[in-house]
Structure formats: C-alpha cells, structure tokens
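K.L.:
Here it is, the structure, as structure tokens.
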Amino acid sequence: MCTQCNKCFPNQQCLRRHMNIHSSKYKCTECGKCFINNQNLTVHTRSHSGEKPFECSICSKRFTRAAHLARHSRIHGGEKPYKCHVCDKAFYRSEHLNSHMRIHTGDKPYKCSLCNKSFSHSISLQRHKRRIHSNRRPYHCPYCGRLFKTNVELKSHVRIHTGAKPYSCRHCSECFKWDSQLKTHLLKSHNEGTWFTCHICQKKFSQSGHLNKHVRRHEHMKPYVCSECPKCFCTSSELKAHLPVHLDYKQFCCYFCDRSFTRKYNVKKHFKKCASVHGFSVNQSKCHVRVLV
C-alpha cells in the first residue's frame with residue numbers, strides 16, 4: 001500500500017513505479033494529479049478540455065489516446081488476439097479475457113460493503129453501488145431531460161432519440177444500437193462466438209449475464225433485497241420495478257387522460273386502451289407516456 005494515498009498494488013515493483021508520481025514535477029493545474037512525465041500529463045489534460053484528437057475512420061468515434069484508437073479499431077477489423085485456453089473464446093482486450101477467466105474459476109474478489117454481494121471485477125462493483133445503493137442521477141438527457149445514474153446508461157438512452165446504430169456486423173449490412181444485440185446476431189446468424197449453456201436444463205444464452213440470471217431462478221437465489229421491506233429479487237431490474245411501491249407519488253402519467261401510476265408496466269397497459277378510445281393506434285402513440293420528475 002502506498003503510504004501517501006493508500007492505493008494498493010500487487011507487488012513492490014508496481015508500488016515503486018507508482019511512488020514516482022508523488023515526487024513528480026508534472027502536476028495537473030486543474031485537479032492536482034501528478035504524472036511521471038510530461039506526455040502523460042498532456043494526455044490527462046485532454047480529459048478536462050474534452051479534446052479527442054484521434055478519430056476512427058470507420059465510425060468517427062474519437063479518443064484521447066492513439067492506443068485507445070488502436071484498441072477500438074479491433075472491433076471493426078474483427079481482431080481478437082486474447083484467447084481463453086479453456087473455451088477458446090477470444091477478446092479484443094486483455095482485461096476482458098482476465099475478467100472472463102473468472103467465469104471458469106468462479107473467483108469474485110470484489111465485495112459490496114453494503115449488501116455483501118460479490119463481483120468478478122471492480123467495474124461491476126462500482127456500477128452495482130451506483131445503480132442499487134445510490135439515488136444520485138447526475139447524467140442528464142439533452143433531448144427529454146431524463147436523469148441517469150451512469151454515463152453508460154445515458155449514452156445508451158440517447159440512441160433512442162438519435163436512432164444511432166454504431167455496432168455493425170462485418171458479415172452483412174446489419175447494424176445495431178447496442179453491443180449485446182450485435183453479439184446475439186453474430187451467434188444466431190453467423191454462428192460466431194460462444195453460447196452460454198445452463199448446466200441444469202441445457203438452455204442456451206448469448207450472454208453470460210443472462211445465463212447467470214437464469215441459473216439464479218433454478219437455485220432460488222434472490223440477492224437483491226429491498227431497502228424498504230424484506231422482499232427479495234433475482235435481478236436488479238425486478239428490484240428496480242418493485243421500488244416505486246414505496247414512493248409517496250405516482251411517477252408515470254398517461255398522455256391522454258393524466259391518470260397516474262406507480263409502475264411503468266401498469267401505465268403502458270392502461271395506455272393501450274386509452275389510445276384506442278381517443279382514436280389512435282398503439283404504434284402511432286406508443287411514446288406518449290410521461291415521467292413525472
């Protein structure tokens with residue numbers, strides 16, 4: 001552990017390399033963070049200025065580092081140099097392989113201090129804390145004003161407004177809004193990738209997360225506990241759908257009659273009937289459900 005910032009490292013060599021930062025003269029004037037050399041400081045300052053000089057020639061996505069652009073380019077070229085020796089599944093990035101290997105080993109070293117749920121990598125733990133244990137929603141949609149807990153959720157939501165489909169299949173002309181849709185398409189249409197099979201009923205899934213949720217139902221596991229009552233759930237989405245029960249107001253409102261509902265499912269069910277009464281088809285008016293913030 002570093003005695004100055006309490007950051008932890010796997011070995012002495014990594015710690016010694018890190019310690020050079022604290023004695024460095026290359027310091028960011030915006031946040032005070034220090035770097036070993038001027039090049040690293042220059043790259044870091046782009047995070048404050050928003051400068052992204054490296055652009056992908058295929059999808060126009062921009063990056064702060066040339067290395068990040070090179071890594072991104074593997075998505076378009078189909079290059080997956082990091083291969084699992086157990087199931088032969090391949091990955092664009094080494095950290096994705098390391099995370100994948102924990103599926104085979106069952107290792108979950110990152111534990112939530114609030115609910116004791118364990119995760120295979122730190123990003124999942126951080127995302128879990130933001131989604132489940134935090135009420136902060138700092139990310140704002142410029143189109144509809146909806147608030148989100150993470151920037152990833154916001155970016156995914158914005159595609160609903162823009163219609164952007166940044167994930168393209170290299171075998172055909174199909175494009176998709178989300179990476180998960182592309183992976184499912186490659187499996188079903190081009191037999192590329194690895195199916196995740198349930199060891200109990202042999203049902204196949206295109207994503208490991210879907211398999212994990214499915215297995216929980218076999219094993220009657222309900223790790224998501226409501227903070228307001230003793231009720232438990234198999235998935236975070238089920239817990240999220242349950243939470244409005246404890247609210248003092250009904251946040252979902254019908255566009256036509258202003259009737260309010262606690263659950264989004266209920267307002268959608270009501271809306272189909274209300275739209276037909278007002279002479280609209282469901283397809284014409286499916287987006288007219290307001291969220292009261």
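Each chain in the structure tokens gets a letter, A, B and so on, in the order shown; residues start at 1 in every chain, and ligands are counted from 1 in the order they appear.
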Quick one: everything within 7 Å of Ser94 (chain A), counting only C-alpha atoms, minus sequence neighbours fewer than 3 positions away in the same chain. Send it as a list in words.
P.N.:
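The filter keeps Tyr82, Leu97 and Asn98 of chain A.
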K.L.:
Write out as a Markdown table the residues of region 32-103 of chain A that have any atom within 9 Å of an atom of region 160-173 of chain A, one row each with the nearest atom pair and its distance in Å to one decimal, counting only C-alpha atoms, sorted by chain and then rising number.
P.N.:
| residue | atom | partner | partner_atom | distance |
| --- | --- | --- | --- | --- |
| A:Cys59 | CA | A:Pro166 | CA | 6.9 |
| A:Ile75 | CA | A:Tyr167 | CA | 8.9 |
| A:His76 | CA | A:Arg170 | CA | 7.2 |
| A:Gly77 | CA | A:Arg170 | CA | 7.9 |
| A:Gly78 | CA | A:Arg170 | CA | 7.6 |
K.L.:
List as a list in words the protein and nucleic acid residues near Phe196 (chain A), meaning an atom at most 9 Å away when only C-alpha atoms are counted, but skip any in the same chain fewer than 6 places from it.
P.N.:
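The neighbour list is Lys203, Lys204, Phe205, Ser206, Gln207, Ser208, His210 and Leu211 of chain A.
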K.L.:
Create the file for the chosen residues now, containing C-alpha atoms and written as a JSON list (two decimals), in the first residue's frame.
P.N.:
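The resulting file, out38.json, is shown below:
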[["chain", "number", "residue", "atom", "x", "y", "z"],
["A", 203, "LYS", "CA", -30.90, -23.84, -22.26],
["A", 204, "LYS", "CA", -28.52, -21.64, -24.29],
["A", 205, "PHE", "CA", -27.87, -17.91, -23.89],
["A", 206, "SER", "CA", -25.93, -15.41, -25.95],
["A", 207, "GLN", "CA", -24.68, -13.51, -22.89],
["A", 208, "SER", "CA", -23.19, -14.74, -19.61],
["A", 210, "HIS", "CA", -28.49, -13.73, -18.99],
["A", 211, "LEU", "CA", -27.28, -17.20, -18.03]]
K.L.:
I need the residues in region 8-250 of chain A that are strand (DSSP E) according to DSSP; give them as a PyMOL selection string.
P.N.:
chain A and resi 26-27+34-35+54-55+62-63+82-83+90-91+110-111+118-119+139-140+147-148+167-168+175-176+196-197+204-205+224-225+232-233
K.L.:
Excluding His85 (chain A) and its own-chain neighbours fewer than 2 positions away, which residues fall within 12 Å of it when counting only C-alpha atoms? Please give them as a VMD selection string.
P.N.:
chain A and resid 82 to 83 87 to 91 97 to 98 100 to 101 104
K.L.:
Quick one: write out the picked residues with C-alpha atoms as a compact mmCIF listing (two decimals), in the first residue's frame?
P.N.:
# COMPACT_ATOMS: atom_id res chain seq x y z
CA TYR A 82 -6.63 -12.57 -26.45
CA LYS A 83 -7.96 -16.13 -26.36
CA CYS A 87 -13.34 -22.45 -24.02
CA ASP A 88 -11.45 -20.79 -26.92
CA LYS A 89 -13.49 -17.61 -26.64
CA ALA A 90 -11.49 -14.61 -27.91
CA PHE A 91 -11.46 -10.95 -26.83
CA LEU A 97 -10.01 -12.01 -21.03
CA ASN A 98 -8.93 -11.68 -17.39
CA HIS A 100 -13.83 -13.78 -18.50
CA MET A 101 -11.46 -16.28 -16.85
CA HIS A 104 -14.27 -20.59 -15.19
K.L.:
Any chance you could list, as an mmCIF file with N, CA and C atoms, in the first residue's frame, the residues in region 187-236 of chain A that come up alpha helix (DSSP H) when DSSP is run on the backbone?
P.N.:
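So the final result, stored in out-v6.cif, reads:
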data_model
loop_
_atom_site.group_PDB
_atom_site.id
_atom_site.type_symbol
_atom_site.label_atom_id
_atom_site.label_comp_id
_atom_site.auth_asym_id
_atom_site.auth_seq_id
_atom_site.Cartn_x
_atom_site.Cartn_y
_atom_site.Cartn_z
ATOM 1 N N LEU A 187 -24.019 -14.702 -33.175
ATOM 2 C CA LEU A 187 -24.231 -16.085 -32.751
ATOM 3 C C LEU A 187 -25.333 -16.754 -33.569
ATOM 4 N N LYS A 188 -26.470 -16.075 -33.692
ATOM 5 C CA LYS A 188 -27.638 -16.684 -34.327
ATOM 6 C C LYS A 188 -27.539 -16.731 -35.847
ATOM 7 N N SER A 189 -26.995 -15.665 -36.438
ATOM 8 C CA SER A 189 -26.983 -15.567 -37.896
ATOM 9 C C SER A 189 -25.701 -16.073 -38.541
ATOM 10 N N HIS A 190 -24.563 -15.952 -37.831
ATOM 11 C CA HIS A 190 -23.281 -16.299 -38.443
ATOM 12 C C HIS A 190 -22.497 -17.349 -37.655
ATOM 13 N N SER A 208 -23.411 -14.093 -20.907
ATOM 14 C CA SER A 208 -23.190 -14.743 -19.614
ATOM 15 C C SER A 208 -24.109 -14.164 -18.539
ATOM 16 N N GLY A 209 -24.394 -12.859 -18.631
ATOM 17 C CA GLY A 209 -25.269 -12.230 -17.651
ATOM 18 C C GLY A 209 -26.669 -12.820 -17.667
ATOM 19 N N HIS A 210 -27.170 -13.127 -18.872
ATOM 20 C CA HIS A 210 -28.493 -13.735 -18.990
ATOM 21 C C HIS A 210 -28.490 -15.147 -18.410
ATOM 22 N N LEU A 211 -27.398 -15.859 -18.617
ATOM 23 C CA LEU A 211 -27.276 -17.203 -18.035
ATOM 24 C C LEU A 211 -27.263 -17.128 -16.515
ATOM 25 N N ASN A 212 -26.513 -16.183 -15.963
ATOM 26 C CA ASN A 212 -26.426 -16.054 -14.503
ATOM 27 C C ASN A 212 -27.793 -15.776 -13.890
ATOM 28 N N LYS A 213 -28.579 -14.913 -14.538
ATOM 29 C CA LYS A 213 -29.926 -14.612 -14.046
ATOM 30 C C LYS A 213 -30.811 -15.856 -14.111
ATOM 31 N N HIS A 214 -30.656 -16.613 -15.210
ATOM 32 C CA HIS A 214 -31.440 -17.823 -15.390
ATOM 33 C C HIS A 214 -31.118 -18.866 -14.315
ATOM 34 N N VAL A 215 -29.839 -19.051 -14.023
ATOM 35 C CA VAL A 215 -29.417 -20.051 -13.031
ATOM 36 C C VAL A 215 -29.926 -19.691 -11.642
ATOM 37 N N ARG A 216 -29.994 -18.388 -11.350
ATOM 38 C CA ARG A 216 -30.499 -17.967 -10.040
ATOM 39 C C ARG A 216 -31.915 -18.471 -9.794
ATOM 40 N N ARG A 217 -32.702 -18.520 -10.866
ATOM 41 C CA ARG A 217 -34.085 -18.989 -10.703
ATOM 42 C C ARG A 217 -34.124 -20.478 -10.417
ATOM 43 N N HIS A 218 -33.207 -21.226 -11.023
ATOM 44 C CA HIS A 218 -33.110 -22.656 -10.701
ATOM 45 C C HIS A 218 -32.734 -22.852 -9.235
ATOM 46 N N GLU A 219 -31.804 -22.058 -8.775
ATOM 47 C CA GLU A 219 -31.263 -22.221 -7.421
ATOM 48 C C GLU A 219 -32.014 -21.395 -6.388
ATOM 49 N N SER A 236 -31.614 -7.197 -10.570
ATOM 50 C CA SER A 236 -31.685 -5.784 -10.186
ATOM 51 C C SER A 236 -32.866 -5.085 -10.850
#
K.L.:
Have a look at A:Ile200, A:Ala275, A:Met1, A:Ile132 and name the one nearest to Leu239 (chain A); count only C-alpha atoms.
P.N.:
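Checking each of A:Ile200, A:Ala275, A:Met1, A:Ile132 against Leu239 (chain A), counting only C-alpha atoms, the winner is A:Ile132.
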K.L.:
So, with only C-alpha atoms as the atoms that count, which of A:Leu147, A:Ser99, A:Pro142, A:Lys129 lies closest to Lys111 (chain A)?
P.N.:
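Nearest candidate to Lys111 (chain A) out of A:Leu147, A:Ser99, A:Pro142, A:Lys129: A:Lys129.
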K.L.:
Return the single residue from A:Leu243, A:His96, A:Gly50, A:Lys108 that is closest to Pro230 (chain A), with distances computed using only C-alpha atoms.
P.N.:
A:Leu243
K.L.:
Kindly give the distance, in Å, that separates CA of Lys268 (chain A) and CA of Cys254 (chain A), rounded to a single decimal.
P.N.:
8.3 Å
K.L.:
Tell me, in Å to one decimal, how far CA of Val86 (chain A) is from CA of Gly106 (chain A).
P.N.:
13.4 Å
K.L.:
Taking 3 positions as the minimum chain separation for residues in the same chain, which residues sit within 9 Å of region 18-22 of chain A when counting only C-alpha atoms? Answer as a PDB file with C-alpha atoms, in the first residue's frame.
P.N.:
ATOM      1  CA  CYS A   2       1.148   3.498  -0.844  1.00  0.00           C
ATOM      2  CA  GLN A   4       0.708   8.716   0.781  1.00  0.00           C
ATOM      3  CA  PHE A   9      -0.620  -2.759  -5.652  1.00  0.00           C
ATOM      4  CA  GLN A  13       7.718  -3.111  -8.410  1.00  0.00           C
ATOM      5  CA  CYS A  14       4.292  -1.615  -9.165  1.00  0.00           C
ATOM      6  CA  LEU A  15       4.386   0.292  -5.870  1.00  0.00           C
ATOM      7  CA  LYS A  25       7.058  17.893 -11.055  1.00  0.00           C
ATOM      8  CA  TYR A  26       4.402  17.176 -13.726  1.00  0.00           C
ATOM      9  CA  LYS A  33      -2.978  14.891 -10.099  1.00  0.00           C
ATOM     10  CA  CYS A  34       0.728  14.139 -10.724  1.00  0.00           C
ATOM     11  CA  PHE A  35       2.366  12.181 -13.551  1.00  0.00           C
ATOM     12  CA  ILE A  36       5.717  10.574 -14.244  1.00  0.00           C
ATOM     13  CA  ASN A  37       6.362  12.530 -17.448  1.00  0.00           C
TER      14      ASN A  37
END
